[in-house]
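Participant: Before anything else, here's the structure in question.
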Amino acid sequence: MMPAFIAQLIDPPARGFAPVDWFVVVVYALALIGIGLYYARRQTTTEEYFVASRSVAPFLAGISLYATMFSTLSYIGNPGEIIRNGPVVLAIGMAATPVFYFIVGYGVIPLLMKLPVTSAYELLETRLGRGVRLLGSGLFVLTRLAWMALMLYTTSLVLVTVMGWNPAWAVPLSIVTGVLTTIYTLTGGLRAVVVSDVVQFFVLLLGAILTLGFVTVTLGGVGEWWPDQWAPHWQAQPFFSIDPGVRATMVGTFIGAIIWWVCTSASDQMAIQRYLSTHDARTARRAFLHNCIGNVVVTGILGLVGLALLAFYQTHPDALPHHASLTHNADTLFPHYVSHFLPAGIPGLVMAGLLAAAMSSLSSGISSTITVISKDFVELFWRNAQRTDRDRLRTAHILAGIIGVLAIGGSQLAGVIPGNLIEVMGKSINLLLCPLFGLFFLALFVRFATPFGAIMGALYSFCAALLTAYWEPFTGGGPVSFQWIAPIALVVSLSTSVLFSLLPTRGKSAKVQSAYTLAAIIPWVILIAAVR
């Protein structure tokens, strides 16, 4: 039988925020603004603004990198994954950490740190020409703008649930969150972003730990929620399967984690900017080690939160919201528990954690996008020898404001996207991960690479990722697991870019280039027509 104090909390949709919760959130917001204003006084050069004078401590850079890549979707999605599908994806993803640490730390980072660049995409022009550089920069900017917009909107919906507000409040809440993040990013530069990322990392960690502790106390100890058998509703997740309809396998999870971190570390300005902010390859590698440790710690704790919440709702099934169950909308159970069962004060900390997960990603997205636009577009097409560092800083501040406004505006449009937002993010923004990495692979490792090969490889990789992600609507067949998207896109990217680089296109006339391009596109037209 359910305890009386729990039953009393189920009738209202949510308990709302107590004054102490609001106090926690306000103090948190003011602290972030204070960090931005403090470091604003140190912004005298673009080197300091964009890469923090390459003097950030490895611990700060590493934790900032993790907080950057961590999002609200992960904060609520990891417990939801455990509740709905079991521990395989999270556990195997953590088990892959030593492998991708070795590859990135000793393979990718030393190469990147040898380059005297601020924008990662400067490398592409050196090896493959300005057109490929602009292609890479453009892909990154579009990806991050869409990512920031979806992040703001999704976070606002989650926070509205936590606070028990009307869903209509998601719009003003996303505006407030975007404005606050833009302010401290605009004023403080990368150093303020890094420091705030570290603060936000510990805030979200504290929120998860407090939730775990309260569930443990409520249930009567760790032994009451620690599983001793496979839950009946958890899906089978085999070691390996070639069946594309199997949602997740151990091998697929292991490979997917490695591909994501290697591709991100080698081609995403948000990650590369963290490495460049350190002194040398050794300190950058230590930074990545701190990132890996933070990943294991937070993922592990959120996995435990998922196990504890699973036991709580199994013990008290009447506490489940009407719109969700252990097998449906399980991602909403973490915020639902926060809004219904945590004592005053703790919901404020968890809300701060949710804000932290979103704002660290948003601030880093703004900062890295400013860097890319400034270096790859403004300075390329607006050359003026008379421009001082003060002028460039003013331009960067203006760009920060514009990007913040675009992200906020995009978040208002995100609400009209059909389907689940998490699915939309996974099957849209992530489609460009491997195509972008392919450009860097050619620039770093393929001496005979050509601009034509790079562009065609990116196009083929994107088409392959798109067809895999949306196989069901394209063909009318069964859905293909999300774990196949990255491996297929990566293989297509590397193989086709190398093969197309073997064609004699370098230095040819526009007419010849056009003929090669048309011939390269025809196979995709035929393939799409065939599967339709």
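Residues are referred to by chain and number: the chain letter is A, B, ... according to the order shown in the structure tokens, the number counts from 1 in that chain, and ligands are numbered separately from 1 in the order shown.
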Assign secondary structure with DSSP using the backbone only, and return the residues of range 453-516 of chain A in alpha helix (DSSP H) as an MDAnalysis selection string.

Facilitator: chainID A and resid 453:469 471:475 485:501 510:516

Participant: Sorted by chain and rising residue number, which residues of range 472-508 of chain A lie within 9 Å of range 238-250 of chain A, and what are their closest atom pairs and distances in Å to one decimal, counting only C-alpha atoms, as a tab-separated table?

Facilitator:
residue	atom	partner	partner_atom	distance
A:Gly478	CA	A:Gly245	CA	7.0
A:Pro479	CA	A:Gly245	CA	6.1
A:Val480	CA	A:Pro244	CA	5.0
A:Ser481	CA	A:Arg247	CA	5.0
A:Phe482	CA	A:Arg247	CA	7.2
A:Gln483	CA	A:Ala248	CA	6.7
A:Trp484	CA	A:Pro244	CA	7.3

Participant: Choose the residue, out of A:Leu145, A:Pro435, A:Thr218, A:Thr369, that has the smallest atom-to-atom separation from Val132 in chain A; count only C-alpha atoms.

Facilitator: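 Comparing A:Leu145, A:Pro435, A:Thr218, A:Thr369 against Val132 in chain A, the winner is A:Pro435.
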
Participant: What is the distance between CA of Leu150 in chain A and CA of Ala407 in chain A, in Å to one decimal?

Facilitator: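 Computed distance, CA of Leu150 in chain A to CA of Ala407 in chain A, equals 8.5 Å.
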
Participant: Show which residues sit within 12 Å of Leu219 in chain A, as a PyMOL selection string. Count only C-alpha atoms, and ignore same-chain residues fewer than 4 positions away.

Facilitator: chain A and resi 2-3+6+212-215+223-226+308-316

Participant: Selected residues, N, CA and C atoms, written as a PDB file, in the first residue's frame, please.

Facilitator:
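Output (out23.pdb):
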ATOM      1  N   MET A   2       0.437   2.266  -0.737  1.00  0.00           N
ATOM      2  CA  MET A   2       1.241   3.470  -0.866  1.00  0.00           C
ATOM      3  C   MET A   2       1.179   4.299   0.410  1.00  0.00           C
ATOM      4  N   PRO A   3       2.331   4.833   0.875  1.00  0.00           N
ATOM      5  CA  PRO A   3       2.320   5.692   2.048  1.00  0.00           C
ATOM      6  C   PRO A   3       1.414   6.903   1.847  1.00  0.00           C
ATOM      7  N   ILE A   6       2.792  10.099   0.109  1.00  0.00           N
ATOM      8  CA  ILE A   6       2.938  10.025  -1.346  1.00  0.00           C
ATOM      9  C   ILE A   6       1.588  10.184  -2.025  1.00  0.00           C
ATOM     10  N   LEU A 212      18.921  10.871  -6.176  1.00  0.00           N
ATOM     11  CA  LEU A 212      19.230   9.481  -5.858  1.00  0.00           C
ATOM     12  C   LEU A 212      19.150   9.231  -4.353  1.00  0.00           C
ATOM     13  N   GLY A 213      19.676  10.164  -3.572  1.00  0.00           N
ATOM     14  CA  GLY A 213      19.649   9.996  -2.125  1.00  0.00           C
ATOM     15  C   GLY A 213      18.247   9.988  -1.564  1.00  0.00           C
ATOM     16  N   PHE A 214      17.385  10.867  -2.073  1.00  0.00           N
ATOM     17  CA  PHE A 214      16.035  10.945  -1.540  1.00  0.00           C
ATOM     18  C   PHE A 214      15.223   9.709  -1.920  1.00  0.00           C
ATOM     19  N   VAL A 215      15.392   9.204  -3.153  1.00  0.00           N
ATOM     20  CA  VAL A 215      14.692   7.972  -3.532  1.00  0.00           C
ATOM     21  C   VAL A 215      15.162   6.820  -2.652  1.00  0.00           C
ATOM     22  N   GLY A 223      19.511  -1.473  -1.205  1.00  0.00           N
ATOM     23  CA  GLY A 223      19.075  -2.827  -1.513  1.00  0.00           C
ATOM     24  C   GLY A 223      17.651  -2.909  -2.005  1.00  0.00           C
ATOM     25  N   GLU A 224      16.838  -1.889  -1.706  1.00  0.00           N
ATOM     26  CA  GLU A 224      15.435  -1.900  -2.123  1.00  0.00           C
ATOM     27  C   GLU A 224      15.269  -1.535  -3.592  1.00  0.00           C
ATOM     28  N   TRP A 225      16.268  -0.862  -4.173  1.00  0.00           N
ATOM     29  CA  TRP A 225      16.120  -0.512  -5.585  1.00  0.00           C
ATOM     30  C   TRP A 225      17.177  -1.163  -6.480  1.00  0.00           C
ATOM     31  N   TRP A 226      18.202  -1.745  -5.892  1.00  0.00           N
ATOM     32  CA  TRP A 226      19.216  -2.397  -6.731  1.00  0.00           C
ATOM     33  C   TRP A 226      18.622  -3.668  -7.347  1.00  0.00           C
ATOM     34  N   ALA A 308      16.887   3.535  -9.489  1.00  0.00           N
ATOM     35  CA  ALA A 308      16.131   3.885  -8.276  1.00  0.00           C
ATOM     36  C   ALA A 308      14.708   4.303  -8.623  1.00  0.00           C
ATOM     37  N   LEU A 309      14.557   5.114  -9.678  1.00  0.00           N
ATOM     38  CA  LEU A 309      13.211   5.554 -10.073  1.00  0.00           C
ATOM     39  C   LEU A 309      12.391   4.376 -10.594  1.00  0.00           C
ATOM     40  N   LEU A 310      13.030   3.448 -11.298  1.00  0.00           N
ATOM     41  CA  LEU A 310      12.326   2.250 -11.758  1.00  0.00           C
ATOM     42  C   LEU A 310      11.743   1.493 -10.573  1.00  0.00           C
ATOM     43  N   ALA A 311      12.553   1.295  -9.539  1.00  0.00           N
ATOM     44  CA  ALA A 311      12.071   0.580  -8.353  1.00  0.00           C
ATOM     45  C   ALA A 311      10.960   1.362  -7.650  1.00  0.00           C
ATOM     46  N   PHE A 312      11.099   2.696  -7.606  1.00  0.00           N
ATOM     47  CA  PHE A 312      10.075   3.511  -6.943  1.00  0.00           C
ATOM     48  C   PHE A 312       8.722   3.351  -7.634  1.00  0.00           C
ATOM     49  N   TYR A 313       8.707   3.461  -8.960  1.00  0.00           N
ATOM     50  CA  TYR A 313       7.432   3.393  -9.680  1.00  0.00           C
ATOM     51  C   TYR A 313       6.906   1.959  -9.773  1.00  0.00           C
ATOM     52  N   GLN A 314       7.801   0.978  -9.693  1.00  0.00           N
ATOM     53  CA  GLN A 314       7.325  -0.406  -9.598  1.00  0.00           C
ATOM     54  C   GLN A 314       6.673  -0.664  -8.242  1.00  0.00           C
ATOM     55  N   THR A 315       7.251  -0.085  -7.197  1.00  0.00           N
ATOM     56  CA  THR A 315       6.711  -0.240  -5.848  1.00  0.00           C
ATOM     57  C   THR A 315       5.421   0.549  -5.682  1.00  0.00           C
ATOM     58  N   HIS A 316       5.350   1.718  -6.327  1.00  0.00           N
ATOM     59  CA  HIS A 316       4.175   2.598  -6.208  1.00  0.00           C
ATOM     60  C   HIS A 316       3.613   2.898  -7.603  1.00  0.00           C
TER      61      HIS A 316
END

Participant: Determine, using only C-alpha atoms, which residues of range 487-506 of chain A have any atom at most 9 Å from an atom of range 441-444 of chain A, and tabulate each with its shortest atom pair and distance in Å to one decimal place, rows ordered by chain and then rising number, as JSON lines.

Facilitator:
{"residue": "A:Leu494", "atom": "CA", "partner": "A:Phe441", "partner_atom": "CA", "distance": 7.6}
{"residue": "A:Ser497", "atom": "CA", "partner": "A:Leu442", "partner_atom": "CA", "distance": 7.6}
{"residue": "A:Val498", "atom": "CA", "partner": "A:Leu442", "partner_atom": "CA", "distance": 7.6}

Participant: Within 12 Å of Leu30 in chain A, counting only C-alpha atoms, which residues qualify if same-chain residues fewer than 4 places away don't, as a VMD selection string?

Facilitator: chain A and resid 23 to 26 34 to 37 180 to 181 183 to 184 196 352

Participant: For the selection just defined, write its residues with C-alpha atoms to a file, as a PDB file, in the first residue's frame.

Facilitator:
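The resulting file, selection_6.pdb, is shown below:
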ATOM      1  CA  PHE A  23      15.924  31.442  -4.213  1.00  0.00           C
ATOM      2  CA  VAL A  24      18.253  28.651  -5.385  1.00  0.00           C
ATOM      3  CA  VAL A  25      17.489  29.303  -9.062  1.00  0.00           C
ATOM      4  CA  VAL A  26      17.895  33.096  -8.761  1.00  0.00           C
ATOM      5  CA  GLY A  34      28.679  37.519 -12.267  1.00  0.00           C
ATOM      6  CA  ILE A  35      31.150  35.115 -13.895  1.00  0.00           C
ATOM      7  CA  GLY A  36      30.605  36.779 -17.262  1.00  0.00           C
ATOM      8  CA  LEU A  37      31.040  40.301 -15.872  1.00  0.00           C
ATOM      9  CA  LEU A 180      20.808  34.853 -19.736  1.00  0.00           C
ATOM     10  CA  THR A 181      23.211  32.496 -21.522  1.00  0.00           C
ATOM     11  CA  ILE A 183      24.790  37.721 -21.693  1.00  0.00           C
ATOM     12  CA  TYR A 184      27.551  35.842 -19.905  1.00  0.00           C
ATOM     13  CA  SER A 196      30.602  28.535 -15.949  1.00  0.00           C
ATOM     14  CA  ALA A 352      19.359  24.416 -11.716  1.00  0.00           C
TER      15      ALA A 352
END

Participant: Report, in Å with one decimal, the straight-line distance from CA of Val531 in chain A to CA of Asn430 in chain A.

Facilitator: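 Taking CA of Val531 in chain A and CA of Asn430 in chain A, their separation equals 22.8 Å.
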